[in-house]
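Okay, structure01.pdb now, which holds PDB, C-alpha atoms and all ligand atoms:
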```pdb
MODEL        1
ATOM      1  CA  MET A  23     -12.424   2.860  -4.841
ATOM      2  CA  PRO A  24     -12.704   6.596  -4.218
ATOM      3  CA  GLU A  25     -13.677   7.252  -0.593
ATOM      4  CA  LEU A  26     -14.820  10.437   1.129
ATOM      5  CA  PRO A  27     -11.561  12.401   0.647
ATOM      6  CA  GLU A  28     -11.341  11.501  -3.045
ATOM      7  CA  VAL A  29     -15.019  12.287  -3.723
ATOM      8  CA  GLU A  30     -14.840  15.530  -1.722
ATOM      9  CA  THR A  31     -11.684  16.563  -3.594
ATOM     10  CA  MET A  32     -13.500  15.859  -6.865
ATOM     11  CA  ARG A  33     -16.473  17.920  -5.627
ATOM     12  CA  ARG A  34     -14.266  20.895  -4.742
ATOM     13  CA  ARG A  35     -12.688  20.846  -8.199
ATOM     14  CA  LEU A  36     -16.019  20.460 -10.017
ATOM     15  CA  GLU A  37     -17.843  23.135  -8.020
ATOM     16  CA  PRO A  38     -16.314  26.191  -9.776
ATOM     17  CA  VAL A  39     -16.508  24.416 -13.141
ATOM     18  CA  LEU A  40     -20.184  23.464 -12.942
ATOM     19  CA  THR A  41     -21.966  25.928 -10.654
ATOM     20  CA  GLY A  42     -24.177  28.259 -12.705
ATOM     21  CA  ARG A  43     -23.461  26.361 -15.924
ATOM     22  CA  ARG A  44     -26.134  24.951 -18.189
ATOM     23  CA  PHE A  45     -25.884  21.461 -19.698
ATOM     24  CA  GLU A  46     -26.113  22.387 -23.380
ATOM     25  CA  THR A  47     -25.724  18.901 -24.816
ATOM     26  CA  VAL A  48     -25.340  15.564 -23.076
ATOM     27  CA  GLU A  49     -24.127  12.288 -24.615
ATOM     28  CA  ILE A  50     -24.343   9.066 -22.636
ATOM     29  CA  ASP A  51     -22.464   6.274 -24.401
ATOM     30  CA  ASP A  52     -22.835   3.456 -21.899
ATOM     31  CA  ALA A  53     -26.184   1.958 -20.986
ATOM     32  CA  ARG A  54     -24.779   0.589 -17.716
ATOM     33  CA  LEU A  55     -24.256   4.102 -16.400
ATOM     34  CA  VAL A  56     -27.975   4.907 -16.189
ATOM     35  CA  ARG A  57     -29.736   1.534 -16.241
ATOM     36  CA  PRO A  58     -32.545   0.625 -16.003
ATOM     37  CA  TYR A  59     -33.231   3.859 -17.893
ATOM     38  CA  GLU A  60     -32.453   4.503 -21.539
ATOM     39  CA  PRO A  61     -29.238   6.524 -22.086
ATOM     40  CA  ASP A  62     -30.815   8.741 -24.740
ATOM     41  CA  GLU A  63     -33.812   9.515 -22.547
ATOM     42  CA  VAL A  64     -31.662  10.445 -19.548
ATOM     43  CA  ALA A  65     -29.412  12.571 -21.752
ATOM     44  CA  ALA A  66     -32.456  14.397 -23.158
ATOM     45  CA  GLU A  67     -33.782  15.010 -19.632
ATOM     46  CA  LEU A  68     -30.439  16.485 -18.543
ATOM     47  CA  GLN A  69     -30.139  18.818 -21.495
ATOM     48  CA  GLY A  70     -31.011  22.396 -20.549
ATOM     49  CA  GLU A  71     -30.602  21.861 -16.789
ATOM     50  CA  ARG A  72     -28.559  24.520 -14.996
ATOM     51  CA  VAL A  73     -26.375  23.512 -12.040
ATOM     52  CA  ALA A  74     -27.252  25.273  -8.770
ATOM     53  CA  SER A  75     -24.721  23.484  -6.562
ATOM     54  CA  VAL A  76     -22.299  20.570  -6.394
ATOM     55  CA  GLU A  77     -22.673  18.668  -3.122
ATOM     56  CA  ARG A  78     -21.481  15.444  -1.552
ATOM     57  CA  ARG A  79     -23.028  12.924   0.788
ATOM     58  CA  GLY A  80     -20.920   9.907   1.733
ATOM     59  CA  LYS A  81     -19.311   8.718  -1.489
ATOM     60  CA  TYR A  82     -22.063  10.230  -3.652
ATOM     61  CA  LEU A  83     -21.604  13.367  -5.713
ATOM     62  CA  ILE A  84     -24.812  15.390  -5.968
ATOM     63  CA  LEU A  85     -25.307  17.784  -8.876
ATOM     64  CA  ARG A  86     -28.302  19.869  -7.845
ATOM     65  CA  PHE A  87     -30.034  21.753 -10.633
ATOM     66  CA  GLU A  88     -31.999  25.009 -10.394
ATOM     67  CA  THR A  89     -35.160  22.966 -11.038
ATOM     68  CA  ASP A  90     -34.344  21.063  -7.789
ATOM     69  CA  ARG A  91     -33.821  17.865  -9.714
ATOM     70  CA  VAL A  92     -30.534  16.185  -8.845
ATOM     71  CA  LEU A  93     -28.078  13.987 -10.684
ATOM     72  CA  LEU A  94     -26.774  11.525  -8.109
ATOM     73  CA  VAL A  95     -23.377  10.165  -9.151
ATOM     74  CA  HIS A  96     -21.574   7.228  -7.561
ATOM     75  CA  LEU A  97     -18.036   6.714  -8.852
ATOM     76  CA  ARG A  98     -17.752   3.132  -7.476
ATOM     77  CA  MET A  99     -14.375   1.611  -8.458
ATOM     78  CA  THR A 100     -12.930   3.822 -11.162
ATOM     79  CA  GLY A 101     -15.410   6.547 -12.144
ATOM     80  CA  GLY A 102     -14.294  10.160 -12.406
ATOM     81  CA  PHE A 103     -14.808  13.494 -14.155
ATOM     82  CA  ARG A 104     -12.378  15.343 -16.401
ATOM     83  CA  HIS A 105     -12.701  18.970 -17.433
ATOM     84  CA  GLY A 106     -11.112  21.207 -20.032
ATOM     85  CA  GLU A 107      -8.131  19.776 -21.917
ATOM     86  CA  ALA A 108      -8.234  16.637 -19.794
ATOM     87  CA  ALA A 109     -11.738  15.973 -21.191
ATOM     88  CA  ALA A 110     -10.684  16.316 -24.839
ATOM     89  CA  GLY A 111      -9.491  13.698 -27.292
ATOM     90  CA  ASP A 112     -10.280  10.065 -27.830
ATOM     91  CA  ASP A 113     -10.746   8.096 -24.667
ATOM     92  CA  PRO A 114     -11.960   4.477 -24.873
ATOM     93  CA  HIS A 115     -13.130   4.720 -21.255
ATOM     94  CA  ARG A 116     -15.271   7.821 -21.684
ATOM     95  CA  ARG A 117     -18.894   6.977 -20.804
ATOM     96  CA  ALA A 118     -20.539  10.387 -21.036
ATOM     97  CA  LEU A 119     -19.778  13.880 -22.256
ATOM     98  CA  VAL A 120     -21.471  17.108 -21.190
ATOM     99  CA  HIS A 121     -21.016  20.274 -23.227
ATOM    100  CA  LEU A 122     -21.498  23.337 -21.014
ATOM    101  CA  ASP A 123     -22.863  26.756 -21.995
ATOM    102  CA  ASP A 124     -19.438  28.365 -21.490
ATOM    103  CA  GLY A 125     -18.051  26.263 -24.351
ATOM    104  CA  THR A 126     -16.137  23.772 -22.173
ATOM    105  CA  ASP A 127     -16.647  20.027 -21.839
ATOM    106  CA  VAL A 128     -16.926  17.749 -18.836
ATOM    107  CA  ALA A 129     -16.221  14.078 -19.530
ATOM    108  CA  TYR A 130     -17.136  11.173 -17.309
ATOM    109  CA  ARG A 131     -14.759   8.220 -17.648
ATOM    110  CA  ASP A 132     -14.901   4.860 -15.942
ATOM    111  CA  VAL A 133     -12.576   1.950 -16.736
ATOM    112  CA  ARG A 134     -14.404  -0.729 -14.741
ATOM    113  CA  ARG A 135     -17.906   0.640 -15.545
ATOM    114  CA  PHE A 136     -19.438   0.193 -12.099
ATOM    115  CA  GLY A 137     -20.227   3.897 -11.624
ATOM    116  CA  THR A 138     -23.832   5.102 -11.786
ATOM    117  CA  TRP A 139     -25.786   8.227 -12.682
ATOM    118  CA  LEU A 140     -29.297   8.519 -11.302
ATOM    119  CA  LEU A 141     -31.544  11.458 -12.139
ATOM    120  CA  LEU A 142     -33.932  12.165  -9.273
ATOM    121  CA  GLU A 143     -36.989  14.402  -9.319
ATOM    122  CA  PRO A 144     -37.401  17.222  -6.742
ATOM    123  CA  GLY A 145     -37.972  15.834  -3.261
ATOM    124  CA  GLU A 146     -36.713  12.308  -3.985
ATOM    125  CA  LEU A 147     -33.118  12.660  -2.787
ATOM    126  CA  ASP A 148     -33.536  12.645   0.998
ATOM    127  CA  ALA A 149     -35.607   9.467   1.046
ATOM    128  CA  TYR A 150     -33.190   7.771  -1.347
ATOM    129  CA  LEU A 151     -30.148   8.527   0.804
ATOM    130  CA  ALA A 152     -31.831   8.026   4.189
ATOM    131  CA  THR A 153     -31.958   4.251   3.841
ATOM    132  CA  ARG A 154     -28.420   3.987   2.474
ATOM    133  CA  LEU A 155     -26.233   6.389   4.441
ATOM    134  CA  GLY A 156     -25.445   7.046   8.098
ATOM    135  CA  GLU A 157     -23.611   9.959   9.712
ATOM    136  CA  GLU A 158     -21.243  12.286   7.894
ATOM    137  CA  PRO A 159     -18.009  11.746   9.845
ATOM    138  CA  LEU A 160     -16.733  15.304   9.262
ATOM    139  CA  ASP A 161     -20.033  16.903  10.312
ATOM    140  CA  ALA A 162     -19.889  18.965  13.526
ATOM    141  CA  LEU A 163     -22.841  16.968  14.859
ATOM    142  CA  PHE A 164     -20.869  13.719  14.718
ATOM    143  CA  THR A 165     -19.433  13.091  18.201
ATOM    144  CA  ALA A 166     -17.754  10.229  20.051
ATOM    145  CA  ALA A 167     -21.005   9.632  21.951
ATOM    146  CA  ARG A 168     -22.892   9.397  18.660
ATOM    147  CA  LEU A 169     -20.309   6.923  17.364
ATOM    148  CA  GLY A 170     -20.839   4.847  20.515
ATOM    149  CA  ALA A 171     -24.587   4.805  19.908
ATOM    150  CA  LEU A 172     -24.074   3.655  16.317
ATOM    151  CA  LEU A 173     -21.808   0.783  17.396
ATOM    152  CA  ALA A 174     -23.797  -0.344  20.438
ATOM    153  CA  ARG A 175     -25.067  -3.939  20.345
ATOM    154  CA  ARG A 176     -23.194  -4.667  17.127
ATOM    155  CA  ARG A 177     -21.109  -7.809  17.395
ATOM    156  CA  ALA A 178     -19.598  -7.451  13.938
ATOM    157  CA  PRO A 179     -15.874  -6.658  13.765
ATOM    158  CA  ILE A 180     -15.289  -2.922  14.075
ATOM    159  CA  LYS A 181     -13.832  -2.920  10.574
ATOM    160  CA  ALA A 182     -17.048  -4.354   9.098
ATOM    161  CA  ALA A 183     -19.184  -1.907  11.087
ATOM    162  CA  LEU A 184     -17.170   1.045   9.795
ATOM    163  CA  LEU A 185     -17.289  -0.185   6.193
ATOM    164  CA  ASP A 186     -21.101  -0.306   6.430
ATOM    165  CA  GLN A 187     -22.203   2.994   4.853
ATOM    166  CA  ARG A 188     -25.247   3.039   7.116
ATOM    167  CA  THR A 189     -22.931   3.560  10.113
ATOM    168  CA  LEU A 190     -20.651   6.284   8.779
ATOM    169  CA  ALA A 191     -20.992   7.515   5.217
ATOM    170  CA  GLY A 192     -17.879   7.740   3.076
ATOM    171  CA  LEU A 193     -15.379   5.399   4.716
ATOM    172  CA  GLY A 194     -13.920   2.562   2.666
ATOM    173  CA  ASN A 195     -11.125   0.042   2.997
ATOM    174  CA  ILE A 196      -8.272   2.553   3.021
ATOM    175  CA  TYR A 197      -9.503   5.074   5.559
ATOM    176  CA  VAL A 198     -10.980   2.420   7.888
ATOM    177  CA  ASP A 199      -7.570   0.720   8.161
ATOM    178  CA  GLU A 200      -5.855   4.078   8.637
ATOM    179  CA  ALA A 201      -8.322   5.196  11.312
ATOM    180  CA  LEU A 202      -8.092   1.925  13.265
ATOM    181  CA  TRP A 203      -4.303   2.189  13.280
ATOM    182  CA  ARG A 204      -4.445   5.772  14.547
ATOM    183  CA  ALA A 205      -6.938   4.710  17.243
ATOM    184  CA  ARG A 206      -4.828   1.633  18.149
ATOM    185  CA  ILE A 207      -7.841  -0.659  17.770
ATOM    186  CA  HIS A 208      -7.617  -4.129  16.225
ATOM    187  CA  PRO A 209      -9.873  -4.493  13.137
ATOM    188  CA  LEU A 210     -11.475  -7.674  14.504
ATOM    189  CA  ARG A 211     -12.615  -6.171  17.795
ATOM    190  CA  PRO A 212     -16.400  -6.532  18.140
ATOM    191  CA  ALA A 213     -17.878  -3.073  17.490
ATOM    192  CA  GLU A 214     -19.886  -3.136  20.705
ATOM    193  CA  SER A 215     -16.811  -3.915  22.827
ATOM    194  CA  LEU A 216     -15.107  -0.513  22.491
ATOM    195  CA  ASP A 217     -14.953   1.408  25.754
ATOM    196  CA  LYS A 218     -15.423   5.151  26.125
ATOM    197  CA  LYS A 219     -11.748   5.988  25.730
ATOM    198  CA  GLU A 220     -11.462   3.854  22.616
ATOM    199  CA  LEU A 221     -14.567   5.474  21.135
ATOM    200  CA  GLN A 222     -13.018   8.882  21.716
ATOM    201  CA  ARG A 223      -9.779   7.762  20.090
ATOM    202  CA  LEU A 224     -11.641   6.235  17.146
ATOM    203  CA  HIS A 225     -13.785   9.332  16.674
ATOM    204  CA  ARG A 226     -10.668  11.516  16.512
ATOM    205  CA  ALA A 227      -8.845   8.982  14.337
ATOM    206  CA  VAL A 228     -11.630   8.745  11.727
ATOM    207  CA  ARG A 229     -11.677  12.492  11.337
ATOM    208  CA  ALA A 230      -7.885  12.826  11.333
ATOM    209  CA  SER A 231      -7.501  10.134   8.660
ATOM    210  CA  LEU A 232     -10.104  11.752   6.416
ATOM    211  CA  GLU A 233      -8.620  15.230   6.970
ATOM    212  CA  ALA A 234      -5.171  13.888   6.071
ATOM    213  CA  GLY A 235      -6.623  12.481   2.842
ATOM    214  CA  LEU A 236      -8.362  15.777   2.048
ATOM    215  CA  ALA A 237      -5.201  17.780   2.711
ATOM    216  CA  ARG A 238      -3.391  15.670   0.098
ATOM    217  CA  GLN A 239      -6.286  15.761  -2.378
ATOM    218  CA  GLY A 240      -7.033  12.101  -1.978
ATOM    219  CA  SER A 241      -4.971   9.084  -2.838
ATOM    220  CA  THR A 242      -4.252   8.040  -6.389
ATOM    221  CA  LEU A 243      -4.525   4.287  -6.799
ATOM    222  CA  ARG A 244      -5.456   2.765 -10.119
ATOM    223  CA  ASP A 245      -7.457   5.294 -12.110
ATOM    224  CA  TYR A 246      -8.479   8.008  -9.700
ATOM    225  CA  ARG A 247      -7.537  11.422 -11.073
ATOM    226  CA  LEU A 248      -8.646  14.992 -10.401
ATOM    227  CA  PRO A 249     -10.755  16.739 -13.075
ATOM    228  CA  ASP A 250      -7.653  18.354 -14.593
ATOM    229  CA  GLY A 251      -5.928  14.961 -14.822
ATOM    230  CA  ALA A 252      -3.694  15.562 -11.765
ATOM    231  CA  SER A 253      -3.108  12.954  -9.035
ATOM    232  CA  GLY A 254      -3.630  13.106  -5.294
ATOM    233  CA  SER A 255      -0.706  12.259  -3.028
ATOM    234  CA  MET A 256      -2.255  10.579   0.012
ATOM    235  CA  GLN A 257      -0.935   7.177  -1.145
ATOM    236  CA  HIS A 258       2.536   8.305  -0.012
ATOM    237  CA  GLU A 259       1.252   8.990   3.514
ATOM    238  CA  PHE A 260      -0.524   5.757   4.411
ATOM    239  CA  LYS A 261       0.315   4.435   7.881
ATOM    240  CA  VAL A 262      -0.769   0.853   7.251
ATOM    241  CA  TYR A 263      -2.801   0.494   4.045
ATOM    242  CA  GLY A 264      -0.814  -1.522   1.498
ATOM    243  CA  ARG A 265       2.292  -1.508   3.759
ATOM    244  CA  GLY A 266       2.450  -5.196   4.745
ATOM    245  CA  GLY A 267       5.881  -6.105   6.183
ATOM    246  CA  GLU A 268       7.010  -2.488   6.541
ATOM    247  CA  PRO A 269       7.713  -1.162  10.049
ATOM    248  CA  CYS A 270       4.915   0.495  12.010
ATOM    249  CA  ASP A 271       5.547   4.263  12.343
ATOM    250  CA  ARG A 272       4.813   4.039  16.065
ATOM    251  CA  CYS A 273       6.562   0.885  17.283
ATOM    252  CA  GLY A 274       8.567  -0.586  14.416
ATOM    253  CA  THR A 275       6.700  -3.927  14.323
ATOM    254  CA  PRO A 276       6.145  -5.142  10.748
ATOM    255  CA  ILE A 277       2.620  -4.307   9.552
ATOM    256  CA  SER A 278       0.458  -7.443   9.203
ATOM    257  CA  LYS A 279      -1.973  -8.196   6.445
ATOM    258  CA  SER A 280      -5.053 -10.357   6.882
ATOM    259  CA  ARG A 281      -8.639 -10.480   5.672
ATOM    260  CA  VAL A 282     -11.516  -8.926   7.616
ATOM    261  CA  ALA A 283     -15.050  -8.486   6.297
ATOM    262  CA  GLY A 284     -13.845  -9.967   2.997
ATOM    263  CA  ARG A 285     -11.335  -7.163   2.479
ATOM    264  CA  GLY A 286      -7.549  -7.015   2.587
ATOM    265  CA  THR A 287      -6.779  -5.515   5.982
ATOM    266  CA  TRP A 288      -3.541  -3.982   7.261
ATOM    267  CA  PHE A 289      -2.788  -3.349  10.929
ATOM    268  CA  CYS A 290       0.007  -3.291  13.489
ATOM    269  CA  PRO A 291      -0.173  -6.472  15.577
ATOM    270  CA  THR A 292       1.583  -4.746  18.485
ATOM    271  CA  CYS A 293      -0.137  -1.412  18.930
ATOM    272  CA  GLN A 294      -3.624  -2.356  17.696
ATOM    273  CA  THR A 295      -4.687  -4.329  20.704
ATOM    274  CA  VAL A 296      -7.037  -7.230  21.021
ATOM    275  CA  GLN A 297      -9.106  -7.419  24.180
ATOM    276  CA  ALA A 298      -8.823 -10.296  26.620
ATOM    277  CA  GLY A 299     -10.810 -13.349  25.588
ATOM    278  CA  ASN A 300     -10.925 -12.441  21.937
ATOM    279  CA  THR A 301      -8.914 -15.419  20.751
ATOM    280  CA  GLN A 302     -10.303 -15.294  17.242
ATOM    281  CA  ALA A 303      -8.796 -11.853  16.805
ATOM    282  CA  ALA A 304      -5.526 -12.904  18.384
ATOM    283  CA  SER A 305      -5.003 -15.827  16.047
ATOM    284  CA  SER A 306      -5.705 -13.741  12.972
ATOM    285  CA  SER A 307      -2.578 -11.648  13.055
ATOM    286  CA  SER A 308      -0.458 -13.673  10.712
ATOM    287  CA  SER A 309       3.048 -12.294  11.108
ATOM    288  CA  ALA A 310       3.293 -12.010  14.902
ATOM    289  CA  PRO A 311       0.827 -14.419  16.482
ATOM    290  CA  SER A 312       2.774 -14.911  19.723
ATOM    291  CA  ARG A 313       2.958 -11.207  20.328
ATOM    292  CA  SER A 314      -0.804 -10.805  19.830
ATOM    293  CA  ARG A 315      -1.579 -13.722  22.103
ATOM    294  CA  ARG A 316       0.566 -12.248  24.812
ATOM    295  CA  GLN A 317      -1.233  -8.943  24.475
ATOM    296  CA  SER A 318      -4.675 -10.454  24.497
ATOM    297  CA  SER A 319      -4.097 -11.842  27.964
ATOM    298  CA  VAL A 320      -3.078  -8.483  29.461
TER     299      VAL A 320
HETATM  300 ZN    ZN B   1       2.780  -0.470  16.009
ENDMDL
END
```
Can you present the structure in this file as structure tokens?
Ligand SMILES: [Zn+2]
Amino acid sequence: MPELPEVETMRRRLEPVLTGRRFETVEIDDARLVRPYEPDEVAAELQGERVASVERRGKYLILRFETDRVLLVHLRMTGGFRHGEAAAGDDPHRRALVHLDDGTDVAYRDVRRFGTWLLLEPGELDAYLATRLGEEPLDALFTAARLGALLARRRAPIKAALLDQRTLAGLGNIYVDEALWRARIHPLRPAESLDKKELQRLHRAVRASLEAGLARQGSTLRDYRLPDGASGSMQHEFKVYGRGGEPCDRCGTPISKSRVAGRGTWFCPTCQTVQAGNTQAASSSSSAPSRSRRQSSV
């Protein structure tokens, strides 16, 4: 699923394409994209709207029109936009097509069909997002102290707390695993148990992981592509995600894979430490249980 770096990369590519452009015609070919509304009605509402800005919040793309209405897009598993030549031709996975007033087309394609478009009237956006999204992790106002406040009194594993979009907006399975590795924190540690130093490490690690993803224009797994059809390259830079059995970059221990919060989870059983007394976490590291147990008693 596209996470913050992938959605932000998409936003940066769409911004010059869409800003100032009018939606001349809009075709929506998949009722799932806009349900419970009728595709033809939504398409008719969008026709004639001129894009004022292309924004992002968490994993949402926000097309803000000059009328102050917004089209709120969530790409979910496999959604994405294509522009120019990449938008042309027959595509069985194309769900919508927007013809712009400069003569170019923007196509929305989605293989798995979980993505959504929601047209909101002026003033509706903030309330809609407020109940769904927490802090923007790359925002200057997001600090280690703020992260500590968000995690306080939460007994859930840190991985689950970070996947919850109401904690930090935009993190998913990939960048949570990467950030926890950088911070040297075991994914099963109770969120509330992190001390000040660990919170500082995690705060830096979350930002560094996302920045690394942005610098490489996201990771291309399955169907994620940039609007011109190009791929990101972050998948070649992962420290733990998808690297089960390969040596840890820091200590050489084979990366372990387990399941946390219902998701495949990769971590280094040596340098991502489990605190004393947390036997549940210690027994979960499948490939090097004795090593983890030894560490947990330090
Ligand atoms: Zn390691």
Go through A:Thr31, A:Thr47, A:Thr89, A:Asn195 one by one, measure the shortest atom-to-atom distance of each to Val120 in chain A using only C-alpha atoms, and give the residue with the smallest value.
A:Thr47
Hey, which residues come within 8 Å of ligand ZN 1 (chain B) if we count only C-alpha atoms and all ligand atoms? Could you give them as a tab-separated table (two decimals) with C-alpha atoms, in the frame of the given file?
```tsv
chain	number	residue	atom	x	y	z
A	269	PRO	CA	7.71	-1.16	10.05
A	270	CYS	CA	4.92	0.50	12.01
A	271	ASP	CA	5.55	4.26	12.34
A	272	ARG	CA	4.81	4.04	16.07
A	273	CYS	CA	6.56	0.88	17.28
A	274	GLY	CA	8.57	-0.59	14.42
A	275	THR	CA	6.70	-3.93	14.32
A	276	PRO	CA	6.14	-5.14	10.75
A	277	ILE	CA	2.62	-4.31	9.55
A	290	CYS	CA	0.01	-3.29	13.49
A	291	PRO	CA	-0.17	-6.47	15.58
A	292	THR	CA	1.58	-4.75	18.48
A	293	CYS	CA	-0.14	-1.41	18.93
A	294	GLN	CA	-3.62	-2.36	17.70
```
Taking (-17.9, 7.2, 21.1) in the file's coordinates, which residues come within 7 Å, counting only C-alpha atoms, written as a VMD selection string?
chain A and resid 165 to 170 218 221 to 222 225
Do you have the CA of His96 in chain A-CA of Leu184 in chain A distance handy?
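Interatomic distance here is 18.9 Å.
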Starting from the shown file, work through the PyMOL selection byres (((chain A and resi 156) around 8) and not hetatm) and note down what comes out as number ranges by chain.
A: 152, 154-155, 157-158, 187-191
Using only C-alpha atoms, which residue out of A:Arg104, A:Thr295, A:Ala183, A:Arg134 lies closest to Arg206 in chain A?
A:Thr295
Would you write out, as a PyMOL selection string, every residue that the PyMOL selection byres (((chain A and resi 251-261) around 6) and not hetatm) captures in this file?
chain A and resi 108+235+238-242+247-250+262-263
Pick the closest to Arg175 in chain A from A:Thr126, A:Gln69, A:Thr100, A:Ser215: which is it, counting only C-alpha atoms?
A:Ser215
Will you model N, CA, C and O atoms for range 197-209 of chain A and pass it back as a short mmCIF file (atom, residue, chain, number, x, y, z; two decimals), keeping the file's coordinate frame?
```
data_model
loop_
_atom_site.label_atom_id
_atom_site.label_comp_id
_atom_site.auth_asym_id
_atom_site.auth_seq_id
_atom_site.Cartn_x
_atom_site.Cartn_y
_atom_site.Cartn_z
N TYR A 197 -9.43 4.17 4.41
CA TYR A 197 -9.50 5.07 5.56
C TYR A 197 -9.97 4.36 6.83
O TYR A 197 -9.66 4.81 7.93
N VAL A 198 -10.65 3.21 6.69
CA VAL A 198 -10.98 2.42 7.89
C VAL A 198 -9.69 1.86 8.48
O VAL A 198 -9.45 1.96 9.69
N ASP A 199 -8.83 1.26 7.65
CA ASP A 199 -7.57 0.72 8.16
C ASP A 199 -6.72 1.82 8.78
O ASP A 199 -6.11 1.64 9.84
N GLU A 200 -6.65 2.96 8.12
CA GLU A 200 -5.86 4.08 8.64
C GLU A 200 -6.40 4.58 9.97
O GLU A 200 -5.64 4.84 10.90
N ALA A 201 -7.71 4.69 10.08
CA ALA A 201 -8.32 5.20 11.31
C ALA A 201 -8.12 4.22 12.46
O ALA A 201 -7.82 4.62 13.59
N LEU A 202 -8.27 2.92 12.19
CA LEU A 202 -8.09 1.92 13.26
C LEU A 202 -6.64 1.90 13.75
O LEU A 202 -6.38 1.73 14.94
N TRP A 203 -5.71 2.10 12.85
CA TRP A 203 -4.30 2.19 13.28
C TRP A 203 -4.09 3.41 14.18
O TRP A 203 -3.51 3.31 15.26
N ARG A 204 -4.60 4.56 13.74
CA ARG A 204 -4.44 5.77 14.55
C ARG A 204 -5.08 5.60 15.93
O ARG A 204 -4.56 6.11 16.92
N ALA A 205 -6.22 4.88 15.97
CA ALA A 205 -6.94 4.71 17.24
C ALA A 205 -6.37 3.55 18.06
O ALA A 205 -6.78 3.35 19.20
N ARG A 206 -5.44 2.79 17.48
CA ARG A 206 -4.83 1.63 18.15
C ARG A 206 -5.88 0.58 18.51
O ARG A 206 -5.90 0.03 19.60
N ILE A 207 -6.78 0.33 17.57
CA ILE A 207 -7.84 -0.66 17.77
C ILE A 207 -7.71 -1.75 16.71
O ILE A 207 -7.57 -1.45 15.51
N HIS A 208 -7.74 -3.00 17.14
CA HIS A 208 -7.62 -4.13 16.23
C HIS A 208 -8.88 -4.23 15.34
O HIS A 208 -9.99 -4.10 15.85
N PRO A 209 -8.71 -4.47 14.04
CA PRO A 209 -9.87 -4.49 13.14
C PRO A 209 -10.91 -5.56 13.47
O PRO A 209 -12.07 -5.44 13.05
#
```
